[in-house]
Amino acid sequence: MMAASCSAASELLHNIKLIAYQKASSVLIRRISTSKLQCSSQPLVKAESALQQLVGVVGLEIHAQISSNTKLFSGSSVRFLAPPNSLVSFFDASLPGTLPVLNRRCVEAAVMTALALNCTINKKSLFDRKHYFYADLPAGYQITQQRRPIAVDGLLTYSFLGGKKGNQVIRKNVHIKQIQLEQDSGKSLHDDANSQTLIDLNRAGIGLMELVMEPDMSCGEEAAAAVRELQLILQALGTCQGNMSEGQLRVDANVSVHRPGEPLGIRTEVKNINSIRYLARAIDFEIQRQTDVVQRGGMVQNETRAYDSKSGETVPMRDKEGLQDYRFMPEPNLPPLIVFEDNASLPAGIDVCQAVVVQTIKEGLPELPSIKRDRLVQAYGILPEHSFTLVNEDGLMEYFEAVMKSTKKETRKVIGWVTNELLGLLKQQDMSVSQSPVGPASLAELLELQEAGHISSSVAKQVFQEMWRSPGKTAAQIIREQDLGLVSDAAKLQRICQKVIDSHLDEVCAIRGGNKKVLNKLMGLVQKETKGRADPVVVRKILEEKTS
């Protein structure tokens, strides 16, 4: 858990000075809009009084459920939506005499994640008991790693689109304080109708990685981008599926405000945010709320809050004024966890198949998101913002590369189709790439027909819409059924062009007077007559001849 930002005495002195200063001069406070996120990376407007503005400070604590067939210390299976209390061992229920047996897969997942996040691996880490009493924690304590976690001092580089036009890739870093292994708790199901709470222990004992991010972020957009990058890394590694709606990735945000150069302010903790979009909104609302409190001369309370997605506000859960004593103690039933740098460092008599070897795990690391983006830029010559979109949307990079393998169309046009036409419809209908009714092979076929000159670009978009509505039909079939192929009859095009010219003599005069841009209007009228089936190159040539 993150340490308190400053002592009570310094906080009181800071607020007294703030109130006095506010009475003496007008203060301009930075506004945060939850509808359009803003970051401290943008220039801040200076106050007339030269008093610096309040800025947000954000740190994150993230619990990632490890992708494993069994739990951290027992052989119970892990399965989402299993019948209540159907995946509970004697150890999970904390029956007397049961002992923990560490799951090697969970240790390997934590080491792999730590390597991907540039952490220092502790070759010797320790397990502790964290005591607190709650109905869904049957032992009365959680096994975690408080004193010496498995990894420390990491760095996550994340990106988001910013700048004046919103298409500039901005890269930032956030430091990872530590990664620790720990058990998950059970789940409390509140039955309001019967005024009772039911306990499901299926989740109790599932392996978690808790990742603590230092307060290096300043707004919701940065925090959301950092979590999304982490989510992509975990999914690429296979160490966590990262499905936030199923609770596989849960985020607690520690938020405070202060003036640069002064001590950090009193923080609040916004608990259990299960959506990246809600994370950004919750943080931005909390920064604005705290800013308003300080601006009025009040003091931010050290408390735990929850985000209400319906109202778009954070609401109090409980205060944290009284420091909770978790009574940490070494876990007596687990020896120190030892991992080895390489096979050469293994002691004699140790079976290499039973040991966790860092070098072996490092050699098996897959291509990470940042490497994927760089490869896409190098291999296809696309812009960095396009690589950002391709990698950040699940399955979109694979879709794009599959299309590229099946078409000769230039990359610039393919990326436009994938990021504009395809992604636009997916977003509009709230669908994932895997749910697209138009597969990469079908889109490649359509692009090849356009490239070969069988259809115009406007007709290609029309055919794509029809393919979306009728997944069973191919592009060629739709073009044939609806007679959408390009008009190849030169005499027919001559007649249509002449008809347009005869009915628009003023435009013809303008063209002959030197205004060549008017020709585009006549071309549009010809396309309208042909329902977009005329070859624009041929049409332009005919019109230029007839209006010269």
# chains A, B, ... in the order shown; residues from 1 in each chain; ligands from 1
call {"tool": "residues_around", "arguments": {"residues": "segment 500-503 of chain A", "least_positions_apart": "4", "cutoff": "10 Å", "atoms": "only C-alpha atoms", "output": "PyMOL selection string"}}
result
chain A and resi 495-496+507-508+522-523+525-526+529+543+546-547
call {"tool": "residues_around", "arguments": {"residues": "Gly439 of chain A", "least_positions_apart": "5", "cutoff": "9 Å", "atoms": "only C-alpha atoms", "output": "ChimeraX atom specification"}}
result
/A:399,403,434,444
call {"tool": "write_last_selection", "arguments": {"atoms": "N, CA, C and O atoms", "output": "compact mmCIF listing (two decimals), in the first residue's frame"}}
result
# COMPACT_ATOMS: atom_id res chain seq x y z
N TYR A 399 -5.86 -8.86 -37.93
CA TYR A 399 -6.78 -8.66 -39.05
C TYR A 399 -6.07 -7.90 -40.17
O TYR A 399 -6.11 -8.30 -41.34
N VAL A 403 -5.11 -9.20 -44.04
CA VAL A 403 -5.55 -8.51 -45.27
C VAL A 403 -4.34 -8.21 -46.15
O VAL A 403 -4.37 -8.39 -47.37
N SER A 434 -13.18 -9.87 -33.46
CA SER A 434 -13.51 -11.28 -33.68
C SER A 434 -14.97 -11.48 -34.06
O SER A 434 -15.34 -12.50 -34.63
N ALA A 444 -10.10 -8.42 -48.25
CA ALA A 444 -9.02 -8.45 -49.23
C ALA A 444 -9.57 -8.69 -50.64
O ALA A 444 -9.12 -8.07 -51.61
call {"tool": "atom_distance", "arguments": {"atom1": "atom CA of Ser275 of chain A", "atom2": "atom CA of Ala253 of chain A"}}
result
12.3 Å
call {"tool": "closest_residue", "arguments": {"among": "A:Asn254, A:Lys130, A:Asn202, A:Lys177", "to": "Asn85 of chain A", "atoms": "only C-alpha atoms"}}
result
A:Asn202
call {"tool": "select_by_dssp", "arguments": {"residues": "segment 405-541 of chain A", "states": "helix (DSSP H, G or I)", "output": "ChimeraX atom specification"}}
result
/A:405,411-428,433-435,440-451,457-469,475-481,490-502,505-512,516-530,536-541
call {"tool": "residues_around", "arguments": {"residues": "Gly242 of chain A", "least_positions_apart": "4", "cutoff": "8 Å", "atoms": "only C-alpha atoms", "output": "JSON, numbers by chain"}}
result
{"A": [64, 65, 231, 234, 235, 248, 249]}
call {"tool": "write_last_selection", "arguments": {"atoms": "C-alpha atoms", "output": "CSV table (one decimal), in the first residue's frame"}}
result
chain,number,residue,atom,x,y,z
A,64,ALA,CA,-4.3,-9.2,-11.9
A,65,GLN,CA,-5.7,-12.7,-11.7
A,231,GLN,CA,-3.5,-5.3,-20.0
A,234,LEU,CA,-0.4,-9.5,-19.6
A,235,GLN,CA,-2.5,-10.8,-22.5
A,248,GLN,CA,-9.6,-10.6,-13.7
A,249,LEU,CA,-8.1,-7.1,-13.6
call {"tool": "residues_around", "arguments": {"residues": "segment 296-311 of chain A", "least_positions_apart": "4", "cutoff": "6 Å", "atoms": "only C-alpha atoms", "output": "MDAnalysis selection string"}}
result
chainID A and resid 19 267:271 282 315:320
call {"tool": "closest_atom_pairs", "arguments": {"of": "segment 299-342 of chain A", "to": "segment 356-367 of chain A", "cutoff": "9 Å", "atoms": "only C-alpha atoms", "output": "Markdown table"}}
result
| residue | atom | partner | partner_atom | distance |
| --- | --- | --- | --- | --- |
| A:Ile338 | CA | A:Val356 | CA | 7.9 |
| A:Val339 | CA | A:Val356 | CA | 5.2 |
| A:Phe340 | CA | A:Val357 | CA | 4.8 |
| A:Glu341 | CA | A:Val358 | CA | 5.0 |
| A:Asp342 | CA | A:Gln359 | CA | 5.2 |
call {"tool": "write_last_selection", "arguments": {"atoms": "N, CA and C atoms", "output": "mmCIF file, in the first residue's frame"}}
result
data_model
loop_
_atom_site.group_PDB
_atom_site.id
_atom_site.type_symbol
_atom_site.label_atom_id
_atom_site.label_comp_id
_atom_site.auth_asym_id
_atom_site.auth_seq_id
_atom_site.Cartn_x
_atom_site.Cartn_y
_atom_site.Cartn_z
ATOM 1 N N ILE A 338 12.499 -19.337 -3.600
ATOM 2 C CA ILE A 338 13.789 -19.164 -4.265
ATOM 3 C C ILE A 338 13.606 -19.357 -5.768
ATOM 4 N N VAL A 339 14.070 -18.388 -6.546
ATOM 5 C CA VAL A 339 14.149 -18.556 -8.006
ATOM 6 C C VAL A 339 15.616 -18.432 -8.401
ATOM 7 N N PHE A 340 15.977 -19.056 -9.520
ATOM 8 C CA PHE A 340 17.380 -19.141 -9.923
ATOM 9 C C PHE A 340 17.599 -18.357 -11.215
ATOM 10 N N GLU A 341 18.779 -17.740 -11.322
ATOM 11 C CA GLU A 341 19.078 -16.912 -12.484
ATOM 12 C C GLU A 341 19.199 -17.760 -13.744
ATOM 13 N N ASP A 342 19.922 -18.883 -13.677
ATOM 14 C CA ASP A 342 20.092 -19.765 -14.837
ATOM 15 C C ASP A 342 20.358 -21.173 -14.343
#
call {"tool": "closest_residue", "arguments": {"among": "A:Arg289, A:Lys71, A:Arg533, A:Lys172", "to": "Gly205 of chain A", "atoms": "only C-alpha atoms"}}
result
A:Lys71
call {"tool": "atom_distance", "arguments": {"atom1": "atom CA of Val55 of chain A", "atom2": "atom CA of Cys219 of chain A"}}
result
8.6 Å
call {"tool": "select_by_dssp", "arguments": {"residues": "segment 128-249 of chain A", "states": "strand (DSSP E or B)", "output": "NGL selection string"}}
result
:A and (128-131 or 141-144 or 151-162 or 168-183 or 187-191 or 196-200 or 207-217 or 249)
call {"tool": "residues_around", "arguments": {"residues": "Ser125 of chain A", "least_positions_apart": "6", "cutoff": "9 Å", "atoms": "only C-alpha atoms", "output": "list in words"}}
result
Gln145, Arg147, Arg148, Pro149, Ile150, Ala151, Pro336, Leu337, Ile338 and Val339 of chain A
call {"tool": "decode", "arguments": {"residues": "segment 364-376 of chain A", "atoms": "all heavy atoms", "output": "compact mmCIF listing (two decimals), in the first residue's frame"}}
result
# COMPACT_ATOMS: atom_id res chain seq x y z
N GLY A 364 11.75 -17.24 -23.33
CA GLY A 364 10.43 -17.57 -23.87
C GLY A 364 9.47 -16.40 -23.95
O GLY A 364 8.29 -16.58 -24.27
N LEU A 365 9.95 -15.18 -23.67
CA LEU A 365 9.07 -14.01 -23.73
C LEU A 365 8.57 -13.78 -25.16
O LEU A 365 9.35 -13.80 -26.11
CB LEU A 365 9.80 -12.76 -23.23
CG LEU A 365 10.05 -12.63 -21.73
CD1 LEU A 365 10.87 -11.37 -21.45
CD2 LEU A 365 8.74 -12.58 -20.95
N PRO A 366 7.27 -13.52 -25.33
CA PRO A 366 6.73 -13.26 -26.66
C PRO A 366 6.96 -11.81 -27.09
O PRO A 366 7.55 -11.01 -26.34
CB PRO A 366 5.23 -13.53 -26.48
CG PRO A 366 4.99 -13.12 -25.05
CD PRO A 366 6.23 -13.50 -24.29
N GLU A 367 6.51 -11.47 -28.27
CA GLU A 367 6.60 -10.10 -28.78
C GLU A 367 5.65 -9.22 -27.97
O GLU A 367 4.45 -9.47 -27.91
CB GLU A 367 6.22 -10.06 -30.25
CG GLU A 367 6.41 -8.71 -30.91
CD GLU A 367 6.00 -8.71 -32.37
OE1 GLU A 367 4.91 -9.22 -32.68
OE2 GLU A 367 6.77 -8.20 -33.21
N LEU A 368 6.18 -8.19 -27.34
CA LEU A 368 5.39 -7.31 -26.49
C LEU A 368 4.76 -6.18 -27.32
O LEU A 368 5.21 -5.90 -28.44
CB LEU A 368 6.26 -6.74 -25.37
CG LEU A 368 6.82 -7.78 -24.40
CD1 LEU A 368 7.73 -7.11 -23.38
CD2 LEU A 368 5.70 -8.54 -23.69
N PRO A 369 3.72 -5.53 -26.81
CA PRO A 369 3.00 -4.51 -27.59
C PRO A 369 3.89 -3.41 -28.17
O PRO A 369 3.72 -3.02 -29.32
CB PRO A 369 2.01 -3.94 -26.57
CG PRO A 369 1.76 -5.05 -25.63
CD PRO A 369 3.04 -5.80 -25.53
N SER A 370 4.85 -2.91 -27.38
CA SER A 370 5.72 -1.83 -27.88
C SER A 370 6.56 -2.31 -29.06
O SER A 370 6.80 -1.57 -30.02
CB SER A 370 6.63 -1.33 -26.76
OG SER A 370 7.45 -2.38 -26.25
N ILE A 371 7.01 -3.57 -28.99
CA ILE A 371 7.79 -4.14 -30.09
C ILE A 371 6.90 -4.33 -31.32
O ILE A 371 7.33 -4.11 -32.46
CB ILE A 371 8.42 -5.49 -29.68
CG1 ILE A 371 9.26 -5.31 -28.41
CG2 ILE A 371 9.27 -6.05 -30.81
CD1 ILE A 371 10.39 -4.33 -28.54
N LYS A 372 5.66 -4.74 -31.08
CA LYS A 372 4.72 -4.91 -32.20
C LYS A 372 4.51 -3.59 -32.94
O LYS A 372 4.50 -3.55 -34.17
CB LYS A 372 3.37 -5.41 -31.68
CG LYS A 372 3.36 -6.85 -31.21
CD LYS A 372 1.98 -7.24 -30.71
CE LYS A 372 1.95 -8.67 -30.20
NZ LYS A 372 0.61 -9.05 -29.68
N ARG A 373 4.36 -2.50 -32.19
CA ARG A 373 4.13 -1.20 -32.83
C ARG A 373 5.33 -0.80 -33.67
O ARG A 373 5.18 -0.34 -34.80
CB ARG A 373 3.85 -0.14 -31.75
CG ARG A 373 2.56 -0.38 -30.98
CD ARG A 373 2.22 0.82 -30.09
NE ARG A 373 1.14 0.48 -29.18
CZ ARG A 373 1.31 0.12 -27.91
NH1 ARG A 373 2.53 0.07 -27.40
NH2 ARG A 373 0.29 -0.17 -27.15
N ASP A 374 6.52 -0.96 -33.11
CA ASP A 374 7.74 -0.61 -33.86
C ASP A 374 7.87 -1.48 -35.11
O ASP A 374 8.26 -0.99 -36.18
CB ASP A 374 8.97 -0.78 -32.97
CG ASP A 374 9.01 0.24 -31.84
OD1 ASP A 374 8.31 1.27 -31.94
OD2 ASP A 374 9.72 0.00 -30.84
N ARG A 375 7.54 -2.76 -34.99
CA ARG A 375 7.64 -3.66 -36.15
C ARG A 375 6.66 -3.26 -37.25
O ARG A 375 7.00 -3.29 -38.45
CB ARG A 375 7.37 -5.11 -35.70
CG ARG A 375 7.37 -6.10 -36.87
CD ARG A 375 7.19 -7.52 -36.39
NE ARG A 375 5.92 -7.73 -35.73
CZ ARG A 375 4.76 -7.91 -36.38
NH1 ARG A 375 4.72 -7.86 -37.70
NH2 ARG A 375 3.64 -8.14 -35.71
N LEU A 376 5.44 -2.89 -36.86
CA LEU A 376 4.44 -2.48 -37.85
C LEU A 376 4.90 -1.24 -38.62
O LEU A 376 4.73 -1.16 -39.84
CB LEU A 376 3.10 -2.21 -37.16
CG LEU A 376 2.34 -3.43 -36.65
CD1 LEU A 376 1.17 -3.00 -35.78
CD2 LEU A 376 1.85 -4.30 -37.80
